[in-house]
Amino acid sequence: MEQLYLSSDSGFFHRKFLIAVMALLLAGCAARPVMMEKRAGYYASHRFTATGVNERVRFLVIHYTALDDAQSLRTLTKDQVSAHYLIPDAPASQQGEPVVLQLVDENKRAWHAGVSNWRGRSNLNDSSIGIEIVNQGYTDDMLENRTWYPYKEKQIAALTALAKDIIERYQIAPDNVLGHSDIAPLRKQDPGRLFPWERLSASGIGAWPDKDAVSRNLAGRKPEAPADVSVIQGLLKEYGYDQIPQSGVLDQDTRKTLSAFQMHFRPENISGYADAETEAIAKALVEKYRRAAPLAVTRDSDNAG
Ligand SMILES: [Zn+2]
């Protein structure tokens with residue numbers, strides 16, 4: 001073989017030929033699956049592949065940090081809390097595209113959700129990707145008037161690209177894109193009243209009720225007209241707010257959950273009262289994402305075995 005590399009005209013030809021053959025052989029090797037993988041003291045055979053499989057990640061959970069850039073980064077990298085991604089106050093750009101900070105590998109659990117529940121599942125750290133956005137949250141003045149801090153346009157642009165990519169890769173259902181306050185309504189307010197859920201839903205990120213369905217369910221009532229608490233409690237539980245009491249009474253837990261729901265789907269009025277519009281929105285969501293989608297329930301089942 002060695003003489004083929006000698007620099008005669010024919011040698012040059014042969015060498016080019018050999019390189020081409022070797023490239024083909026290498027490509028062939030790469031395309032063939034690795035059947036036997038050597039590991040520490042044993043081999044793993046990759047000869048067979050199961051079909052009954054789905055992604056571990058089912059949820060995308062959005063937060064605000066209620067801290068500035070430096071404090072957010074320090075807390076999320078040094079303390080016992082973390083998130084897969086952090087979007088800074090003013091995301092940098094690289095070649096015209098926003099830069100987000102990835103703090104945790106997507107295959108690992110980040111510690112962002114805490115005690116949490118959604119639609120029969122708890123501890124959503126197990127099954128979610130968490131995104132923290134630098135935002136001050138809110139401040140209350142002495143008269144308890146609450147001021148919420150708006151998100152920056154560049155943050156929403158970065159979030160949109162990031163969330164779309166995650167949703168696409170893990171096939172996350174719209175109604176599984178949630179705020180921290182949705183999965184922990186008794187103790188969390190983030191991502192807050194000014195998070196643009198409606199706008200994001202128009203970009204394919206998260207759930208939103210159909211306008212026509214909301215007005216049909218309103219059935220001529222005034223939006224602020226009182227509604228039956230037990231009906232709303234039932235609808236919110238069916239939609240996913242597992243911890244809402246089913247008492248028929250507007251107790252504190254119910255009000256907090258209603259307020260969390262309103263922050264997501266009707267940020268103009270987050271009073272926590274059981275009004276007709278809240279009921280109409282909840283019903284529209286249940287109709288769209290629960291009752292009209294029996295297939296989603298089947299696909300979601302992973303209890304076999
Ligand atoms: Zn949070």
# chains A, B, ... in the order shown; residues from 1 in each chain; ligands from 1
$ residues_around --residues "stretch 169-171 of chain A" --least-positions-apart "5" --cutoff "10 Å" --atoms "only C-alpha atoms" --output "list in words"
Asn54, Glu55, Arg56, Val57, Arg58, Phe59, Leu60, Ile129, Ala163 and Lys164 of chain A
$ closest_atom_pairs --of "chain A" --to "ligand 1" --cutoff "12 Å" --atoms "only C-alpha atoms and all ligand atoms" --output "Markdown table"
| residue | atom | partner | partner_atom_place_in_ligand_line | distance |
| --- | --- | --- | --- | --- |
| A:Val61 | CA | ligand 1 | 1 (Zn) | 8.3 |
| A:Ile62 | CA | ligand 1 | 1 (Zn) | 7.1 |
| A:His63 | CA | ligand 1 | 1 (Zn) | 4.3 |
| A:Tyr64 | CA | ligand 1 | 1 (Zn) | 5.9 |
| A:Thr65 | CA | ligand 1 | 1 (Zn) | 6.7 |
| A:Ala66 | CA | ligand 1 | 1 (Zn) | 8.9 |
| A:Leu67 | CA | ligand 1 | 1 (Zn) | 11.4 |
| A:Ser72 | CA | ligand 1 | 1 (Zn) | 11.8 |
| A:Leu76 | CA | ligand 1 | 1 (Zn) | 11.4 |
| A:Val81 | CA | ligand 1 | 1 (Zn) | 9.9 |
| A:Ser82 | CA | ligand 1 | 1 (Zn) | 10.0 |
| A:Ala83 | CA | ligand 1 | 1 (Zn) | 9.4 |
| A:Leu86 | CA | ligand 1 | 1 (Zn) | 11.8 |
| A:Ala110 | CA | ligand 1 | 1 (Zn) | 11.9 |
| A:Trp111 | CA | ligand 1 | 1 (Zn) | 9.9 |
| A:His112 | CA | ligand 1 | 1 (Zn) | 6.3 |
| A:Ala113 | CA | ligand 1 | 1 (Zn) | 6.5 |
| A:Gly114 | CA | ligand 1 | 1 (Zn) | 8.6 |
| A:Val115 | CA | ligand 1 | 1 (Zn) | 11.0 |
| A:Ser116 | CA | ligand 1 | 1 (Zn) | 10.7 |
| A:Leu124 | CA | ligand 1 | 1 (Zn) | 12.0 |
| A:Asn125 | CA | ligand 1 | 1 (Zn) | 11.6 |
| A:Gly130 | CA | ligand 1 | 1 (Zn) | 8.8 |
| A:Ile131 | CA | ligand 1 | 1 (Zn) | 8.8 |
| A:Glu132 | CA | ligand 1 | 1 (Zn) | 7.2 |
| A:Ile133 | CA | ligand 1 | 1 (Zn) | 9.4 |
| A:Val134 | CA | ligand 1 | 1 (Zn) | 10.9 |
| A:Asn135 | CA | ligand 1 | 1 (Zn) | 11.1 |
| A:Gly137 | CA | ligand 1 | 1 (Zn) | 10.4 |
| A:Leu178 | CA | ligand 1 | 1 (Zn) | 10.8 |
| A:Gly179 | CA | ligand 1 | 1 (Zn) | 7.7 |
| A:His180 | CA | ligand 1 | 1 (Zn) | 4.9 |
| A:Ser181 | CA | ligand 1 | 1 (Zn) | 7.4 |
| A:Asp182 | CA | ligand 1 | 1 (Zn) | 10.2 |
| A:Ile183 | CA | ligand 1 | 1 (Zn) | 9.7 |
| A:Ala184 | CA | ligand 1 | 1 (Zn) | 8.9 |
| A:Pro185 | CA | ligand 1 | 1 (Zn) | 10.7 |
| A:Arg187 | CA | ligand 1 | 1 (Zn) | 9.7 |
| A:Lys188 | CA | ligand 1 | 1 (Zn) | 6.7 |
| A:Gln189 | CA | ligand 1 | 1 (Zn) | 7.7 |
| A:Asp190 | CA | ligand 1 | 1 (Zn) | 5.5 |
| A:Pro191 | CA | ligand 1 | 1 (Zn) | 7.0 |
| A:Gly192 | CA | ligand 1 | 1 (Zn) | 9.8 |
$ write_last_selection --atoms "C-alpha atoms" --output "mmCIF file, in the first residue's frame"
data_model
loop_
_atom_site.group_PDB
_atom_site.id
_atom_site.type_symbol
_atom_site.label_atom_id
_atom_site.label_comp_id
_atom_site.auth_asym_id
_atom_site.auth_seq_id
_atom_site.Cartn_x
_atom_site.Cartn_y
_atom_site.Cartn_z
ATOM 1 C CA VAL A 61 -42.898 26.130 33.176
ATOM 2 C CA ILE A 62 -42.290 29.901 33.042
ATOM 3 C CA HIS A 63 -41.051 32.001 35.970
ATOM 4 C CA TYR A 64 -39.854 35.449 36.833
ATOM 5 C CA THR A 65 -36.906 35.701 39.190
ATOM 6 C CA ALA A 66 -38.043 38.791 41.177
ATOM 7 C CA LEU A 67 -34.325 39.659 41.254
ATOM 8 C CA SER A 72 -30.708 35.931 39.588
ATOM 9 C CA LEU A 76 -29.782 30.073 40.195
ATOM 10 C CA VAL A 81 -32.730 26.441 43.200
ATOM 11 C CA SER A 82 -32.088 26.314 39.490
ATOM 12 C CA ALA A 83 -33.694 26.435 36.068
ATOM 13 C CA LEU A 86 -32.326 32.102 32.326
ATOM 14 C CA ALA A 110 -33.720 21.606 37.505
ATOM 15 C CA TRP A 111 -35.114 22.727 40.865
ATOM 16 C CA HIS A 112 -37.589 25.389 39.847
ATOM 17 C CA ALA A 113 -41.121 24.122 40.444
ATOM 18 C CA GLY A 114 -41.068 23.018 44.096
ATOM 19 C CA VAL A 115 -44.264 21.532 45.491
ATOM 20 C CA SER A 116 -46.462 21.618 42.411
ATOM 21 C CA LEU A 124 -43.267 18.959 38.100
ATOM 22 C CA ASN A 125 -39.490 19.227 38.358
ATOM 23 C CA GLY A 130 -38.019 25.510 33.533
ATOM 24 C CA ILE A 131 -37.367 28.980 32.139
ATOM 25 C CA GLU A 132 -36.625 31.883 34.482
ATOM 26 C CA ILE A 133 -36.939 35.426 33.188
ATOM 27 C CA VAL A 134 -35.286 38.338 34.976
ATOM 28 C CA ASN A 135 -38.166 40.566 36.070
ATOM 29 C CA GLY A 137 -42.302 40.880 39.713
ATOM 30 C CA LEU A 178 -47.703 26.814 32.291
ATOM 31 C CA GLY A 179 -46.740 29.522 34.714
ATOM 32 C CA HIS A 180 -45.344 28.757 38.145
ATOM 33 C CA SER A 181 -48.547 30.258 39.550
ATOM 34 C CA ASP A 182 -50.617 27.710 37.612
ATOM 35 C CA ILE A 183 -48.878 24.742 39.224
ATOM 36 C CA ALA A 184 -48.439 26.314 42.692
ATOM 37 C CA PRO A 185 -51.296 28.865 42.898
ATOM 38 C CA ARG A 187 -47.817 30.294 47.023
ATOM 39 C CA LYS A 188 -46.600 31.690 43.668
ATOM 40 C CA GLN A 189 -47.475 34.693 41.468
ATOM 41 C CA ASP A 190 -44.920 34.326 38.696
ATOM 42 C CA PRO A 191 -44.682 34.956 35.792
ATOM 43 C CA GLY A 192 -47.220 37.574 36.891
#
$ closest_residue --among "A:Gln155, A:Gln262, A:Asn123, A:Ser230" --to "A:Ala282" --atoms "only C-alpha atoms"
A:Gln262
$ closest_residue --among "A:His84, A:Arg199, A:Arg121, A:Arg146" --to "A:Asp105" --atoms "only C-alpha atoms"
A:His84
$ closest_atom_pairs --of "stretch 235-268 of chain A" --to "stretch 213-225 of chain A" --cutoff "12 Å" --atoms "only C-alpha atoms" --output "JSON lines"
{"residue": "A:Phe265", "atom": "CA", "partner": "A:Val214", "partner_atom": "CA", "distance": 11.3}
{"residue": "A:Arg266", "atom": "CA", "partner": "A:Pro223", "partner_atom": "CA", "distance": 11.1}
{"residue": "A:Glu268", "atom": "CA", "partner": "A:Pro223", "partner_atom": "CA", "distance": 11.8}
$ select_by_dssp --residues "stretch 102-270 of chain A" --states "alpha helix (DSSP H)" --output "PyMOL selection string"
chain A and resi 153-170+180-183+197-202+211-218+229-239+252-265
$ atom_distance --atom1 "atom CA of A:Met35" --atom2 "atom CA of A:Arg47"
5.2 Å
$ residues_around --residues "A:Asp253" --least-positions-apart "3" --cutoff "12 Å" --atoms "only C-alpha atoms" --output "list of chain:residue names"
A:Ala184, A:Pro185, A:Leu186, A:Arg187, A:Gln233, A:Tyr241, A:Asp242, A:Gln243, A:Ile244, A:Pro245, A:Gln246, A:Ser247, A:Gly248, A:Val249, A:Leu250, A:Lys256, A:Thr257, A:Leu258, A:Ser259, A:Ala260, A:Gly272, A:Tyr273
$ atom_distance --atom1 "atom CA of A:Thr75" --atom2 "atom CA of A:His264"
25.9 Å
$ atom_distance --atom1 "atom CA of A:Val231" --atom2 "atom CA of A:Arg290"
15.9 Å
$ closest_residue --among "A:Leu103, A:Ala284, A:Leu159, A:Ala44" --to "A:Ile87" --atoms "only C-alpha atoms"
A:Leu159
$ residues_around --residues "A:Tyr151" --least-positions-apart "5" --cutoff "8 Å" --atoms "only C-alpha atoms" --output "short mmCIF file (atom, residue, chain, number, x, y, z; two decimals) with C-alpha atoms, in the first residue's frame"
data_model
loop_
_atom_site.label_atom_id
_atom_site.label_comp_id
_atom_site.auth_asym_id
_atom_site.auth_seq_id
_atom_site.Cartn_x
_atom_site.Cartn_y
_atom_site.Cartn_z
CA ASN A 135 -38.17 40.57 36.07
CA ILE A 156 -40.10 38.09 24.90
CA LEU A 194 -47.97 41.30 32.68
CA PHE A 195 -46.66 38.10 31.15
#
$ decode --residues "stretch 179-204 of chain A" --atoms "N, CA and C atoms" --output "PDB file, in the first residue's frame"
ATOM      1  N   GLY A 179     -47.480  28.638  33.825  1.00  0.00           N
ATOM      2  CA  GLY A 179     -46.740  29.522  34.714  1.00  0.00           C
ATOM      3  C   GLY A 179     -46.545  28.837  36.058  1.00  0.00           C
ATOM      4  N   HIS A 180     -45.553  29.303  36.809  1.00  0.00           N
ATOM      5  CA  HIS A 180     -45.344  28.757  38.145  1.00  0.00           C
ATOM      6  C   HIS A 180     -46.613  28.904  38.978  1.00  0.00           C
ATOM      7  N   SER A 181     -47.322  30.027  38.781  1.00  0.00           N
ATOM      8  CA  SER A 181     -48.547  30.258  39.550  1.00  0.00           C
ATOM      9  C   SER A 181     -49.671  29.300  39.164  1.00  0.00           C
ATOM     10  N   ASP A 182     -49.607  28.697  37.987  1.00  0.00           N
ATOM     11  CA  ASP A 182     -50.617  27.710  37.612  1.00  0.00           C
ATOM     12  C   ASP A 182     -50.413  26.397  38.378  1.00  0.00           C
ATOM     13  N   ILE A 183     -49.157  26.046  38.604  1.00  0.00           N
ATOM     14  CA  ILE A 183     -48.878  24.742  39.224  1.00  0.00           C
ATOM     15  C   ILE A 183     -48.660  24.845  40.740  1.00  0.00           C
ATOM     16  N   ALA A 184     -48.556  26.085  41.251  1.00  0.00           N
ATOM     17  CA  ALA A 184     -48.439  26.314  42.692  1.00  0.00           C
ATOM     18  C   ALA A 184     -49.208  27.585  43.054  1.00  0.00           C
ATOM     19  N   PRO A 185     -50.533  27.611  42.782  1.00  0.00           N
ATOM     20  CA  PRO A 185     -51.296  28.865  42.898  1.00  0.00           C
ATOM     21  C   PRO A 185     -51.422  29.400  44.322  1.00  0.00           C
ATOM     22  N   LEU A 186     -51.206  28.557  45.321  1.00  0.00           N
ATOM     23  CA  LEU A 186     -51.381  29.039  46.689  1.00  0.00           C
ATOM     24  C   LEU A 186     -50.157  29.786  47.194  1.00  0.00           C
ATOM     25  N   ARG A 187     -49.029  29.656  46.491  1.00  0.00           N
ATOM     26  CA  ARG A 187     -47.817  30.294  47.023  1.00  0.00           C
ATOM     27  C   ARG A 187     -47.013  31.062  45.977  1.00  0.00           C
ATOM     28  N   LYS A 188     -47.410  31.033  44.704  1.00  0.00           N
ATOM     29  CA  LYS A 188     -46.600  31.690  43.668  1.00  0.00           C
ATOM     30  C   LYS A 188     -47.429  32.637  42.802  1.00  0.00           C
ATOM     31  N   GLN A 189     -46.799  33.733  42.369  1.00  0.00           N
ATOM     32  CA  GLN A 189     -47.475  34.693  41.468  1.00  0.00           C
ATOM     33  C   GLN A 189     -46.796  34.772  40.110  1.00  0.00           C
ATOM     34  N   ASP A 190     -45.637  34.151  39.958  1.00  0.00           N
ATOM     35  CA  ASP A 190     -44.920  34.326  38.696  1.00  0.00           C
ATOM     36  C   ASP A 190     -45.437  33.367  37.623  1.00  0.00           C
ATOM     37  N   PRO A 191     -45.378  33.790  36.346  1.00  0.00           N
ATOM     38  CA  PRO A 191     -44.682  34.956  35.792  1.00  0.00           C
ATOM     39  C   PRO A 191     -45.471  36.268  35.860  1.00  0.00           C
ATOM     40  N   GLY A 192     -46.584  36.297  36.596  1.00  0.00           N
ATOM     41  CA  GLY A 192     -47.220  37.574  36.891  1.00  0.00           C
ATOM     42  C   GLY A 192     -48.239  38.051  35.878  1.00  0.00           C
ATOM     43  N   ARG A 193     -48.819  39.177  36.237  1.00  0.00           N
ATOM     44  CA  ARG A 193     -49.961  39.698  35.497  1.00  0.00           C
ATOM     45  C   ARG A 193     -49.592  40.238  34.113  1.00  0.00           C
ATOM     46  N   LEU A 194     -48.349  40.679  33.958  1.00  0.00           N
ATOM     47  CA  LEU A 194     -47.971  41.296  32.680  1.00  0.00           C
ATOM     48  C   LEU A 194     -47.274  40.326  31.727  1.00  0.00           C
ATOM     49  N   PHE A 195     -47.245  39.062  32.072  1.00  0.00           N
ATOM     50  CA  PHE A 195     -46.659  38.095  31.145  1.00  0.00           C
ATOM     51  C   PHE A 195     -47.621  37.915  29.962  1.00  0.00           C
ATOM     52  N   PRO A 196     -47.119  38.029  28.725  1.00  0.00           N
ATOM     53  CA  PRO A 196     -48.035  38.122  27.570  1.00  0.00           C
ATOM     54  C   PRO A 196     -48.517  36.765  27.041  1.00  0.00           C
ATOM     55  N   TRP A 197     -49.311  36.077  27.845  1.00  0.00           N
ATOM     56  CA  TRP A 197     -49.779  34.740  27.441  1.00  0.00           C
ATOM     57  C   TRP A 197     -50.567  34.753  26.135  1.00  0.00           C
ATOM     58  N   GLU A 198     -51.448  35.761  25.997  1.00  0.00           N
ATOM     59  CA  GLU A 198     -52.307  35.784  24.804  1.00  0.00           C
ATOM     60  C   GLU A 198     -51.463  35.941  23.544  1.00  0.00           C
ATOM     61  N   ARG A 199     -50.527  36.880  23.625  1.00  0.00           N
ATOM     62  CA  ARG A 199     -49.656  37.135  22.471  1.00  0.00           C
ATOM     63  C   ARG A 199     -48.822  35.891  22.142  1.00  0.00           C
ATOM     64  N   LEU A 200     -48.291  35.230  23.168  1.00  0.00           N
ATOM     65  CA  LEU A 200     -47.476  34.036  22.921  1.00  0.00           C
ATOM     66  C   LEU A 200     -48.308  32.918  22.322  1.00  0.00           C
ATOM     67  N   SER A 201     -49.555  32.807  22.769  1.00  0.00           N
ATOM     68  CA  SER A 201     -50.410  31.728  22.233  1.00  0.00           C
ATOM     69  C   SER A 201     -50.614  31.911  20.733  1.00  0.00           C
ATOM     70  N   ALA A 202     -50.622  33.179  20.282  1.00  0.00           N
ATOM     71  CA  ALA A 202     -50.755  33.436  18.846  1.00  0.00           C
ATOM     72  C   ALA A 202     -49.515  32.964  18.085  1.00  0.00           C
ATOM     73  N   SER A 203     -48.371  32.825  18.799  1.00  0.00           N
ATOM     74  CA  SER A 203     -47.159  32.281  18.178  1.00  0.00           C
ATOM     75  C   SER A 203     -47.044  30.776  18.403  1.00  0.00           C
ATOM     76  N   GLY A 204     -48.115  30.158  18.893  1.00  0.00           N
ATOM     77  CA  GLY A 204     -48.091  28.705  19.086  1.00  0.00           C
ATOM     78  C   GLY A 204     -47.508  28.283  20.428  1.00  0.00           C
TER      79      GLY A 204
END
